[in-house]
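Colleague: The following file, start_14.txt, comprises compact mmCIF, C-alpha atoms:
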# COMPACT_ATOMS: atom_id res chain seq x y z
CA MET R 1 17.65 49.04 5.72
CA ASP R 2 21.14 48.32 6.96
CA ILE R 3 21.42 45.18 8.92
CA THR R 4 23.41 46.08 11.98
CA ARG R 5 24.37 43.59 14.61
CA ARG R 6 21.67 44.95 16.93
CA ARG R 7 18.93 44.66 14.31
CA LEU R 8 20.03 41.16 13.41
CA LEU R 9 19.83 40.11 17.05
CA VAL R 10 16.24 41.37 17.15
CA LEU R 11 15.34 39.94 13.75
CA LEU R 12 16.61 36.41 14.31
CA PRO R 13 14.26 35.45 17.16
CA ALA R 14 11.41 37.19 15.35
CA ALA R 15 12.16 35.19 12.20
CA ALA R 16 12.31 31.99 14.26
CA VAL R 17 8.88 32.68 15.74
CA ALA R 18 7.49 33.59 12.31
CA TRP R 19 8.95 30.40 10.82
CA LYS R 20 7.19 28.30 13.44
CA PHE R 21 3.89 29.91 12.45
CA ILE R 22 4.63 29.36 8.76
CA GLN R 23 5.36 25.70 9.41
CA ALA R 24 2.25 25.29 11.53
CA GLY R 25 0.19 26.81 8.73
CA THR R 26 1.78 24.71 5.99
CA PRO R 27 -1.00 22.87 4.24
CA GLU R 28 -1.01 19.10 4.31
CA ALA R 29 0.84 17.09 1.71
CA ALA R 30 -2.44 16.84 -0.19
CA PRO R 31 -4.24 20.15 0.07
CA ASN R 32 -7.34 19.07 -1.85
CA TYR R 33 -7.83 15.85 0.05
CA LYS R 34 -10.94 15.85 2.25
CA ILE R 35 -10.54 13.12 4.81
CA ALA R 36 -14.26 12.80 5.57
CA GLU R 37 -15.19 12.15 1.94
CA HIS R 38 -13.39 8.82 1.52
CA TRP R 39 -13.72 5.29 2.85
CA TRP R 40 -11.02 3.12 1.36
CA GLY R 41 -11.02 -0.57 0.53
CA MET R 42 -9.75 -2.88 -2.17
CA LEU R 43 -11.13 -5.37 -4.63
CA ILE R 44 -9.15 -8.51 -5.45
CA ASP R 45 -10.10 -10.47 -8.52
CA ILE R 46 -8.57 -13.89 -7.82
CA PRO R 47 -9.15 -15.41 -11.30
CA GLU R 48 -7.06 -12.56 -12.76
CA CYS R 49 -4.02 -13.03 -10.48
CA ILE R 50 -1.03 -14.57 -12.28
CA GLY R 51 1.29 -14.60 -9.26
CA CYS R 52 3.94 -12.44 -10.92
CA GLY R 53 4.93 -10.82 -7.63
CA ASN R 54 4.90 -7.28 -9.05
CA CYS R 55 2.73 -6.08 -6.16
CA VAL R 56 5.07 -7.51 -3.51
CA ARG R 57 8.14 -5.93 -5.09
CA ALA R 58 6.42 -2.59 -5.66
CA CYS R 59 5.17 -2.50 -2.08
CA ALA R 60 8.66 -3.16 -0.75
CA GLN R 61 10.15 -0.39 -2.90
CA GLU R 62 7.41 2.13 -2.26
CA ASN R 63 7.35 1.64 1.50
CA ASP R 64 10.96 0.57 2.30
CA VAL R 65 9.80 -2.80 3.59
CA PRO R 66 12.82 -4.77 4.87
CA ASP R 67 13.75 -8.05 3.16
CA GLY R 68 11.92 -11.03 4.56
CA TYR R 69 8.96 -8.95 5.74
CA TYR R 70 5.82 -8.29 3.74
CA ARG R 71 3.06 -5.73 3.86
CA THR R 72 1.45 -7.64 1.03
CA TRP R 73 2.22 -11.13 -0.24
CA ILE R 74 0.88 -13.78 -2.58
CA GLU R 75 -0.07 -17.32 -1.61
CA ARG R 76 -0.24 -20.22 -4.03
CA TYR R 77 -2.99 -22.67 -3.14
CA HIS R 78 -3.10 -26.29 -4.15
CA VAL R 79 -6.39 -27.99 -3.36
CA THR R 80 -7.07 -31.63 -4.18
CA ASP R 81 -10.50 -32.69 -5.41
CA TYR R 82 -12.11 -32.97 -2.00
CA GLY R 83 -9.34 -31.41 0.11
CA ILE R 84 -11.10 -28.11 0.70
CA GLU R 85 -10.30 -28.22 4.42
CA ARG R 86 -6.63 -29.03 3.87
CA PRO R 87 -5.23 -26.80 1.16
CA GLN R 88 -1.48 -26.74 0.60
CA VAL R 89 -0.38 -23.13 0.76
CA GLU R 90 3.04 -21.83 -0.17
CA SER R 91 4.47 -18.35 -0.42
CA PRO R 92 8.21 -18.47 -1.19
CA ASP R 93 9.70 -15.06 -0.25
CA GLY R 94 6.12 -13.75 -0.18
CA GLY R 95 5.91 -14.40 -3.92
CA LYS R 96 8.34 -11.52 -4.48
CA GLN R 97 10.19 -13.36 -7.27
CA GLY R 98 7.13 -15.11 -8.66
CA PHE R 99 6.52 -18.81 -8.20
CA PRO R 100 8.37 -21.88 -9.48
CA ALA R 101 6.33 -23.69 -12.12
CA GLY R 102 5.78 -26.65 -9.82
CA GLU R 103 4.25 -29.89 -10.91
CA ASP R 104 0.64 -30.03 -11.79
CA GLU R 105 -0.50 -32.68 -9.34
CA GLY R 106 -4.10 -32.38 -10.40
CA GLY R 107 -6.69 -30.62 -8.30
CA LYS R 108 -6.97 -26.86 -8.22
CA ASN R 109 -4.12 -24.37 -8.18
CA PHE R 110 -4.54 -20.65 -7.84
CA PHE R 111 -2.98 -17.51 -6.36
CA VAL R 112 -4.38 -15.37 -3.57
CA PRO R 113 -2.89 -11.92 -2.93
CA LYS R 114 -3.08 -10.90 0.71
CA LEU R 115 -2.72 -7.59 2.50
CA CYS R 116 -4.19 -5.72 5.45
CA ASN R 117 -7.97 -5.89 5.22
CA HIS R 118 -8.36 -2.38 6.64
CA CYS R 119 -11.11 -3.61 8.93
CA ALA R 120 -13.71 -1.13 10.05
CA ASP R 121 -13.84 -2.90 13.45
CA SER R 122 -10.23 -3.94 13.53
CA PRO R 123 -9.03 -6.19 16.37
CA CYS R 124 -5.49 -4.83 16.06
CA THR R 125 -6.38 -1.24 16.89
CA GLN R 126 -8.54 -2.28 19.85
CA VAL R 127 -5.63 -3.90 21.70
CA CYS R 128 -3.13 -1.06 21.34
CA PRO R 129 -2.41 0.21 24.87
CA VAL R 130 -1.09 3.61 23.80
CA GLY R 131 -3.24 4.67 20.86
CA ALA R 132 -0.43 4.17 18.33
CA THR R 133 -2.59 2.37 15.81
CA PHE R 134 -6.00 3.45 14.68
CA VAL R 135 -8.58 3.48 11.93
CA SER R 136 -8.27 6.86 10.23
CA PRO R 137 -11.45 8.82 9.43
CA ASP R 138 -11.14 7.60 5.82
CA GLY R 139 -11.04 3.96 6.84
CA VAL R 140 -7.33 3.11 6.66
CA VAL R 141 -5.68 1.25 9.54
CA LEU R 142 -2.44 3.11 10.25
CA VAL R 143 0.45 2.92 12.70
CA ASP R 144 1.91 6.00 14.38
CA LYS R 145 5.51 4.83 14.52
CA ASN R 146 6.53 7.71 16.78
CA TYR R 147 4.04 6.53 19.39
CA CYS R 148 4.35 2.74 19.02
CA LEU R 149 6.09 0.96 21.88
CA GLY R 150 6.69 -2.24 19.94
CA CYS R 151 4.71 -4.33 22.44
CA ARG R 152 3.48 -6.70 19.70
CA TYR R 153 -0.12 -6.94 20.98
CA CYS R 154 -1.42 -5.88 17.58
CA VAL R 155 0.79 -8.40 15.78
CA GLN R 156 -0.92 -11.15 17.76
CA ALA R 157 -4.37 -9.63 17.47
CA CYS R 158 -4.52 -9.42 13.67
CA PRO R 159 -6.42 -12.52 12.50
CA TYR R 160 -4.92 -12.18 9.02
CA GLY R 161 -1.23 -12.06 10.00
CA CYS R 162 -0.77 -8.71 8.32
CA ARG R 163 1.49 -7.06 10.91
CA PHE R 164 5.13 -7.42 11.82
CA ILE R 165 7.75 -5.66 13.89
CA ASN R 166 10.17 -3.73 11.72
CA PRO R 167 13.63 -4.86 12.84
CA LYS R 168 15.13 -1.41 12.17
CA THR R 169 12.63 0.71 14.08
CA ASN R 170 11.31 -1.97 16.46
CA THR R 171 7.81 -0.68 15.89
CA ALA R 172 4.76 -2.35 14.42
CA GLU R 173 4.39 -2.04 10.68
CA LYS R 174 1.69 -2.93 8.20
CA CYS R 175 0.10 -2.01 4.89
CA SER R 176 -0.86 1.66 4.94
CA LEU R 177 -2.88 1.26 1.75
CA CYS R 178 -0.19 3.62 0.38
CA TYR R 179 -1.78 6.41 2.38
CA HIS R 180 0.85 8.85 1.04
CA ARG R 181 -0.33 8.02 -2.50
CA ILE R 182 -4.09 7.77 -2.18
CA THR R 183 -4.25 11.16 -0.44
CA LYS R 184 -2.54 12.63 -3.53
CA GLY R 185 -5.03 11.10 -5.93
CA LEU R 186 -2.76 8.23 -7.00
CA THR R 187 -3.60 4.57 -6.63
CA THR R 188 -1.59 2.26 -4.38
CA ALA R 189 1.78 0.98 -5.62
CA CYS R 190 0.48 -2.60 -5.80
CA CYS R 191 -2.55 -1.60 -7.89
CA GLU R 192 -0.38 0.61 -10.11
CA VAL R 193 1.87 -2.28 -11.10
CA CYS R 194 -0.69 -5.11 -11.26
CA PRO R 195 -0.57 -6.17 -14.92
CA THR R 196 -3.96 -7.87 -15.00
CA GLY R 197 -6.05 -5.56 -12.84
CA ALA R 198 -6.41 -8.25 -10.20
CA ARG R 199 -6.10 -5.55 -7.55
CA GLN R 200 -8.20 -2.43 -7.58
CA LEU R 201 -8.28 0.34 -5.05
CA ALA R 202 -11.86 1.21 -4.09
CA ASP R 203 -13.32 4.32 -2.52
CA LEU R 204 -16.53 3.13 -0.93
CA LYS R 205 -17.75 6.66 -0.22
CA ASN R 206 -17.36 7.78 -3.83
CA PRO R 207 -20.67 7.04 -5.57
CA ASN R 208 -18.93 7.05 -8.98
CA ASP R 209 -16.43 4.36 -8.04
CA PRO R 210 -17.02 1.24 -10.19
CA ILE R 211 -16.72 -0.85 -7.00
CA HIS R 212 -20.40 -0.27 -6.22
CA GLU R 213 -21.60 -1.74 -9.49
CA PHE R 214 -19.17 -4.63 -9.08
CA LEU R 215 -20.32 -5.42 -5.54
CA ARG R 216 -23.97 -5.28 -6.61
CA SER R 217 -23.56 -7.64 -9.54
CA HIS R 218 -20.96 -10.18 -8.34
CA SER R 219 -20.57 -12.73 -5.58
CA VAL R 220 -17.88 -11.30 -3.36
CA GLN R 221 -16.37 -12.57 -0.13
CA ILE R 222 -14.17 -11.25 2.63
CA LEU R 223 -11.61 -13.26 4.59
CA LYS R 224 -12.75 -14.75 7.92
CA PRO R 225 -16.21 -13.16 7.96
CA HIS R 226 -17.00 -15.06 11.19
CA MET R 227 -14.54 -12.78 13.01
CA ALA R 228 -16.76 -9.77 12.32
CA THR R 229 -13.81 -7.51 11.59
CA GLY R 230 -15.59 -5.40 9.00
CA ALA R 231 -12.88 -6.24 6.45
CA LYS R 232 -12.84 -3.92 3.42
CA VAL R 233 -10.72 -6.03 1.09
CA PHE R 234 -13.22 -7.84 -1.09
CA TYR R 235 -12.31 -11.05 -2.88
CA TYR R 236 -14.03 -12.05 -6.08
CA GLY R 237 -13.85 -15.66 -7.27
CA MET R 238 -12.43 -16.96 -4.00
CA ASP R 239 -12.39 -20.68 -3.32
CA GLY R 240 -13.80 -21.94 -0.01
CA SER R 241 -10.42 -23.35 0.96
CA VAL R 242 -8.88 -19.88 1.31
CA ARG R 243 -8.42 -18.71 4.89
CA MET V 1 -16.22 23.72 64.23
CA PHE V 2 -13.50 21.11 64.09
CA LYS V 3 -10.70 21.52 66.44
CA ASP V 4 -7.49 21.33 64.51
CA THR V 5 -8.68 22.61 61.10
CA GLU V 6 -5.11 23.30 60.12
CA HIS V 7 -4.65 19.59 59.35
CA LEU V 8 -7.50 19.70 56.89
CA ILE V 9 -6.20 22.81 55.21
CA ARG V 10 -2.78 21.19 54.75
CA LEU V 11 -4.40 18.11 53.31
CA ALA V 12 -6.49 20.21 50.95
CA ALA V 13 -3.38 22.10 49.87
CA VAL V 14 -1.58 18.85 49.10
CA ILE V 15 -4.55 17.64 47.02
CA VAL V 16 -4.78 20.94 45.13
CA ILE V 17 -1.04 20.83 44.38
CA ALA V 18 -1.34 17.23 43.16
CA VAL V 19 -4.29 18.05 40.90
CA VAL V 20 -2.57 21.12 39.46
CA ALA V 21 0.63 19.14 38.90
CA PHE V 22 -1.35 16.43 37.14
CA VAL V 23 -3.13 18.89 34.87
CA VAL V 24 0.07 20.75 34.02
CA LEU V 25 2.05 17.57 33.39
CA ARG V 26 -0.71 16.08 31.29
CA ALA V 27 -0.89 19.19 29.13
CA ALA V 28 2.87 19.09 28.69
CA VAL V 29 3.12 15.38 27.93
CA VAL V 30 0.08 14.59 25.79
CA PRO V 31 0.60 15.78 22.17
CA HIS V 32 -1.77 18.58 21.27
CA SER V 33 -3.36 16.64 18.43
CA PHE V 34 -4.10 13.58 20.55
CA GLY V 35 -7.84 13.01 20.45
CA GLU V 36 -8.40 15.19 17.38
CA TYR V 37 -10.16 12.31 15.58
CA GLY V 38 -10.04 9.56 18.20
CA HIS V 39 -7.77 7.92 20.74
CA TYR V 40 -4.62 8.65 18.77
CA ARG V 41 -2.40 11.49 17.57
CA GLY V 42 -4.18 13.31 14.74
CA ASP V 43 -0.86 14.59 13.39
CA ALA V 44 0.21 11.01 12.73
CA ILE V 45 -2.09 10.97 9.68
CA THR V 46 -0.28 13.95 8.14
CA GLU V 47 3.12 12.48 9.01
CA ILE V 48 2.24 9.22 7.23
CA ALA V 49 0.89 11.10 4.22
CA VAL V 50 4.19 12.94 3.54
CA HIS V 51 6.16 9.75 2.82
CA PRO V 52 7.80 10.25 -0.62
CA ILE V 53 6.41 8.29 -3.56
CA ALA V 54 8.54 5.89 -5.60
CA TYR V 55 6.05 5.01 -8.36
CA ALA V 56 5.09 8.10 -10.35
CA GLY V 57 1.81 6.69 -11.68
CA HIS V 58 0.94 6.11 -15.33
CA GLU V 59 -0.60 9.55 -15.84
CA ALA V 60 2.80 11.13 -15.19
CA CYS V 61 4.48 8.84 -17.77
CA GLU V 62 1.78 9.31 -20.39
CA ALA V 63 2.03 13.09 -20.24
CA CYS V 64 5.39 12.92 -22.05
CA HIS V 65 5.65 9.46 -23.66
CA THR V 66 2.68 9.84 -25.99
CA GLU V 67 4.34 7.79 -28.76
CA VAL V 68 4.47 4.75 -26.48
CA VAL V 69 0.83 5.23 -25.52
CA ASP V 70 -0.09 5.17 -29.22
CA GLN V 71 2.05 2.12 -29.82
CA LYS V 72 0.56 0.26 -26.86
CA LYS V 73 -3.08 1.10 -27.27
CA SER V 74 -3.97 -1.44 -29.95
CA GLY V 75 -1.78 -4.25 -28.59
CA ARG V 76 -2.27 -6.91 -25.96
CA HIS V 77 -0.36 -4.86 -23.39
CA ALA V 78 -2.70 -1.88 -23.72
CA GLY V 79 -3.95 -2.18 -20.15
CA LEU V 80 -0.51 -2.36 -18.57
CA HIS V 81 0.77 0.71 -16.78
CA CYS V 82 4.33 1.77 -17.61
CA GLU V 83 5.81 0.97 -14.20
CA VAL V 84 4.57 -2.63 -14.37
CA CYS V 85 7.69 -3.35 -16.43
CA HIS V 86 9.86 -0.25 -16.04
CA GLY V 87 9.79 -0.17 -12.24
CA PRO V 88 9.52 2.84 -9.92
CA GLN V 89 10.15 6.03 -11.90
CA ALA V 90 9.12 8.91 -9.65
CA LYS V 91 12.71 10.20 -9.65
CA HIS V 92 12.78 10.12 -13.45
CA ALA V 93 9.41 11.91 -13.59
CA ASP V 94 10.73 14.63 -11.26
CA ASP V 95 13.95 15.11 -13.20
CA PRO V 96 13.70 13.49 -16.65
CA ALA V 97 16.95 14.97 -17.91
CA SER V 98 19.38 13.54 -15.38
CA VAL V 99 17.64 10.37 -14.11
CA LYS V 100 17.38 7.83 -16.92
CA PRO V 101 15.47 4.60 -16.29
CA PRO V 102 17.47 1.43 -16.97
CA LYS V 103 16.28 -0.87 -19.78
CA PRO V 104 14.54 -3.90 -18.30
CA ASP V 105 16.04 -7.35 -18.96
CA THR V 106 13.31 -9.10 -20.92
CA VAL V 107 14.55 -12.61 -20.07
CA VAL V 108 13.77 -12.04 -16.38
CA LEU V 109 10.92 -9.58 -16.78
CA CYS V 110 8.69 -11.37 -19.29
CA ALA V 111 9.11 -14.73 -17.55
CA ARG V 112 7.62 -13.36 -14.33
CA CYS V 113 4.25 -13.09 -16.01
CA HIS V 114 4.46 -15.49 -18.94
CA GLU V 115 6.42 -18.49 -17.62
CA ALA V 116 3.94 -21.39 -17.46
CA ASN V 117 2.54 -22.23 -14.03
CA SER V 118 -0.42 -24.48 -13.28
CA ALA V 119 -1.83 -21.89 -10.88
CA LYS V 120 -2.06 -19.17 -13.54
CA PRO V 121 -5.44 -18.63 -15.17
CA LYS V 122 -5.84 -20.98 -18.15
CA ASN V 123 -6.63 -18.19 -20.63
CA PHE V 124 -3.48 -16.25 -19.75
CA PRO V 125 -0.73 -16.57 -22.41
CA GLN V 126 2.03 -18.75 -20.96
CA VAL V 127 5.12 -20.41 -22.40
CA VAL V 128 7.80 -22.74 -21.09
CA GLY V 129 10.73 -20.40 -21.63
CA ALA V 130 13.34 -23.08 -22.32
CA ASP V 131 11.22 -24.65 -25.09
CA HIS V 132 9.84 -21.41 -26.46
CA SER V 133 13.04 -19.43 -26.98
CA GLY V 134 15.90 -21.39 -25.45
CA GLY V 135 17.08 -18.46 -23.36
CA LEU V 136 16.94 -15.92 -26.21
CA ALA V 137 15.88 -12.45 -25.06
CA CYS V 138 12.13 -12.02 -25.63
CA ASN V 139 12.54 -8.69 -27.37
CA THR V 140 14.57 -10.35 -30.14
CA CYS V 141 11.20 -11.24 -31.69
CA HIS V 142 8.50 -9.50 -29.62
CA GLN V 143 8.21 -5.76 -29.31
CA PRO V 144 7.21 -5.43 -25.61
CA HIS V 145 4.90 -2.44 -26.16
CA ARG V 146 3.02 -4.43 -28.79
CA PRO V 147 3.95 -8.05 -28.26
CA LYS V 148 1.97 -9.90 -30.91
CA ILE V 149 4.36 -10.69 -33.77
CA GLU V 150 1.75 -10.58 -36.60
CA GLU V 151 0.63 -7.10 -35.51
CA GLN V 152 4.20 -5.86 -35.56
CA ALA V 153 4.81 -7.29 -39.02
CA LYS V 154 1.61 -5.70 -40.27
CA SER V 155 2.45 -2.26 -38.90
CA ALA V 156 6.04 -2.52 -40.21
CA ALA V 157 4.74 -3.41 -43.68
CA GLY V 158 2.27 -0.52 -43.49
CA ALA V 159 5.10 1.84 -42.65
CA LYS V 160 7.13 0.73 -45.70
CA ARG V 161 4.29 1.32 -48.14
Could the structure of this file be written out as structure tokens, please?

Modeller:
Amino acid sequence: MDITRRRLLVLLPAAAVAWKFIQAGTPEAAPNYKIAEHWWGMLIDIPECIGCGNCVRACAQENDVPDGYYRTWIERYHVTDYGIERPQVESPDGGKQGFPAGEDEGGKNFFVPKLCNHCADSPCTQVCPVGATFVSPDGVVLVDKNYCLGCRYCVQACPYGCRFINPKTNTAEKCSLCYHRITKGLTTACCEVCPTGARQLADLKNPNDPIHEFLRSHSVQILKPHMATGAKVFYYGMDGSVR
Amino acid sequence: MFKDTEHLIRLAAVIVIAVVAFVVLRAAVVPHSFGEYGHYRGDAITEIAVHPIAYAGHEACEACHTEVVDQKKSGRHAGLHCEVCHGPQAKHADDPASVKPPKPDTVVLCARCHEANSAKPKNFPQVVGADHSGGLACNTCHQPHRPKIEEQAKSAAGAKR
């Protein structure tokens, strides 16, 4: 068929319409991912954490987190013999470059990795006035950055301090539990690079996930249980001074 | 019958116009996927999921680098995924020929995990770098994929025989 000017003029709009349909019908980034069959959380094994900062660096690289802001970070606790109510907590640059050796002043010293707890009843999503943040059907608390106004209600509402305003976009940002990875069957960037297995992604709806056996047979805590947030980041071996 | 019904008809017309305008505007302004799963834009989930990955994942590495897997599997670093030390390599996994990963600097890299710190678990192997090697690169003596020196010597001797 010769393409004359007249035919081209007819074909172009037709192609444009067809292209819109093709795009609309493009399968999701993860075609085999069934959103209703997952319920994501994480297990953190505190006695295994060596405070190397791999998770913080990997998170920043994977998710383009600006310097000085953290979607995940590590805290170093120092607790004197009976100082359980007054721990000394430090987190230089979020633990991104590891921790200085410090002096062993006696008492207890340990690391606690922190991130969004992906609460099932999250206070941060309840306060959003525009529906820009939400708990996805697979249990991940996400931010729709095209809809976020940057009003900061959610930043104040999070009891764990897991949210910040991205200075480039002026919208709320937080751990997405590497949603772009877990929907492709990969683990999160922080779990991928944890050398000791102190962090483990958990699918609570998958009956074959080892998390179930672990939760049955170990004493596990969540952060701030009195806030009834339905946190899904489980901490094993956590000291009572951690808050 | 009311007397001046025309007033009421005008009022009704104004209300009908307002309602229609509201419905039309709402349909135009609210994204079509809003409310698909809840009080948010359902399409946002897909938009978040298409973010490109930076860390390829150890399965991608192990598909090609089988010799390193063999080397690692009996050593103390057997449980470590490749990108723990080598950093994000999704670009290399996509195009192995033209994107070559840089060699990590062992002085910085090893210290992150193995430099002594009172908060690290007691059973985790730690050294005070200055005393242990005096700033010498760790891979002068230790082979990072199989760090225990006796094991390396044994396997090297085995190879000679």

Colleague: For a quick test of understanding: name the residues of chain R lying within 7 Å of chain V when counting all atoms listed in the file, and present them as a ChimeraX atom specification.

Modeller: /R:28-29,47-48,50,52,62,98,101-102,104,109-111,131-132,134,144,179-181,183,186,189,192-195

Colleague: Write out as a list in words each polymer residue whose atoms come within 9 Å of Tyr70 in chain R, counting all atoms listed in the file; drop sequence neighbours fewer than 4 positions from it.

Modeller: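 The residues satisfying every condition are Val56, Cys59, Ala60, Val65, Pro66, Asp93, Gly94, Leu115, Cys162, Arg163, Phe164, Lys174 and Cys175 of chain R.
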
Colleague: Record the distance separating CA of Thr80 in chain R and CA of His218 in chain R, expressed in Å with one decimal.

Modeller: 25.9 Å

Colleague: Of the candidates V:His32, V:His7, V:Lys72, V:Lys100, which shows the shortest atom-to-atom distance to Lys148 in chain V, using only C-alpha atoms?

Modeller: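 Closest to Lys148 in chain V, using only C-alpha atoms: V:Lys72.
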
Colleague: Nearest residue to Gly237 in chain R out of R:Cys190, R:Trp39, R:Asp209, R:Ala198, using only C-alpha atoms?

Modeller: R:Ala198

Colleague: Interatomic distance between CA of Ala63 in chain V and CA of Tyr33 in chain R?

Modeller: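 Rounded to one decimal, the two atoms are 22.7 Å apart.
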
Colleague: Which distance in Å separates CA of Asn117 in chain R and CA of Lys232 in chain R, to one decimal?

Modeller: 5.6 Å

Colleague: Could I get range 197-211 of chain R rebuilt with N, CA and C atoms, written as an mmCIF file, keeping the file's coordinate frame?

Modeller:
data_model
loop_
_atom_site.group_PDB
_atom_site.id
_atom_site.type_symbol
_atom_site.label_atom_id
_atom_site.label_comp_id
_atom_site.auth_asym_id
_atom_site.auth_seq_id
_atom_site.Cartn_x
_atom_site.Cartn_y
_atom_site.Cartn_z
ATOM 1 N N GLY R 197 -4.926 -6.205 -13.521
ATOM 2 C CA GLY R 197 -6.050 -5.560 -12.840
ATOM 3 C C GLY R 197 -6.671 -6.430 -11.769
ATOM 4 N N ALA R 198 -5.884 -7.379 -11.241
ATOM 5 C CA ALA R 198 -6.410 -8.250 -10.200
ATOM 6 C C ALA R 198 -6.610 -7.501 -8.882
ATOM 7 N N ARG R 199 -5.934 -6.371 -8.741
ATOM 8 C CA ARG R 199 -6.100 -5.550 -7.550
ATOM 9 C C ARG R 199 -6.648 -4.201 -7.967
ATOM 10 N N GLN R 200 -7.671 -3.757 -7.270
ATOM 11 C CA GLN R 200 -8.200 -2.430 -7.580
ATOM 12 C C GLN R 200 -8.551 -1.690 -6.305
ATOM 13 N N LEU R 201 -7.962 -0.511 -6.191
ATOM 14 C CA LEU R 201 -8.280 0.340 -5.050
ATOM 15 C C LEU R 201 -9.728 0.777 -5.172
ATOM 16 N N ALA R 202 -10.448 0.842 -4.039
ATOM 17 C CA ALA R 202 -11.860 1.210 -4.090
ATOM 18 C C ALA R 202 -12.152 2.275 -3.044
ATOM 19 N N ASP R 203 -12.862 3.301 -3.466
ATOM 20 C CA ASP R 203 -13.320 4.320 -2.520
ATOM 21 C C ASP R 203 -14.812 4.102 -2.304
ATOM 22 N N LEU R 204 -15.146 3.545 -1.168
ATOM 23 C CA LEU R 204 -16.530 3.130 -0.930
ATOM 24 C C LEU R 204 -17.465 4.313 -0.666
ATOM 25 N N LYS R 205 -16.895 5.493 -0.421
ATOM 26 C CA LYS R 205 -17.750 6.660 -0.220
ATOM 27 C C LYS R 205 -17.969 7.439 -1.504
ATOM 28 N N ASN R 206 -17.219 7.083 -2.556
ATOM 29 C CA ASN R 206 -17.360 7.780 -3.830
ATOM 30 C C ASN R 206 -18.434 7.073 -4.661
ATOM 31 N N PRO R 207 -19.582 7.715 -4.863
ATOM 32 C CA PRO R 207 -20.670 7.040 -5.570
ATOM 33 C C PRO R 207 -20.315 6.683 -7.013
ATOM 34 N N ASN R 208 -19.293 7.335 -7.590
ATOM 35 C CA ASN R 208 -18.930 7.050 -8.980
ATOM 36 C C ASN R 208 -17.889 5.946 -9.109
ATOM 37 N N ASP R 209 -17.428 5.423 -7.980
ATOM 38 C CA ASP R 209 -16.430 4.360 -8.040
ATOM 39 C C ASP R 209 -17.081 3.094 -8.600
ATOM 40 N N PRO R 210 -16.422 2.447 -9.595
ATOM 41 C CA PRO R 210 -17.020 1.240 -10.190
ATOM 42 C C PRO R 210 -17.187 0.088 -9.186
ATOM 43 N N ILE R 211 -16.591 0.206 -8.010
ATOM 44 C CA ILE R 211 -16.720 -0.850 -7.000
ATOM 45 C C ILE R 211 -18.185 -1.127 -6.661
#
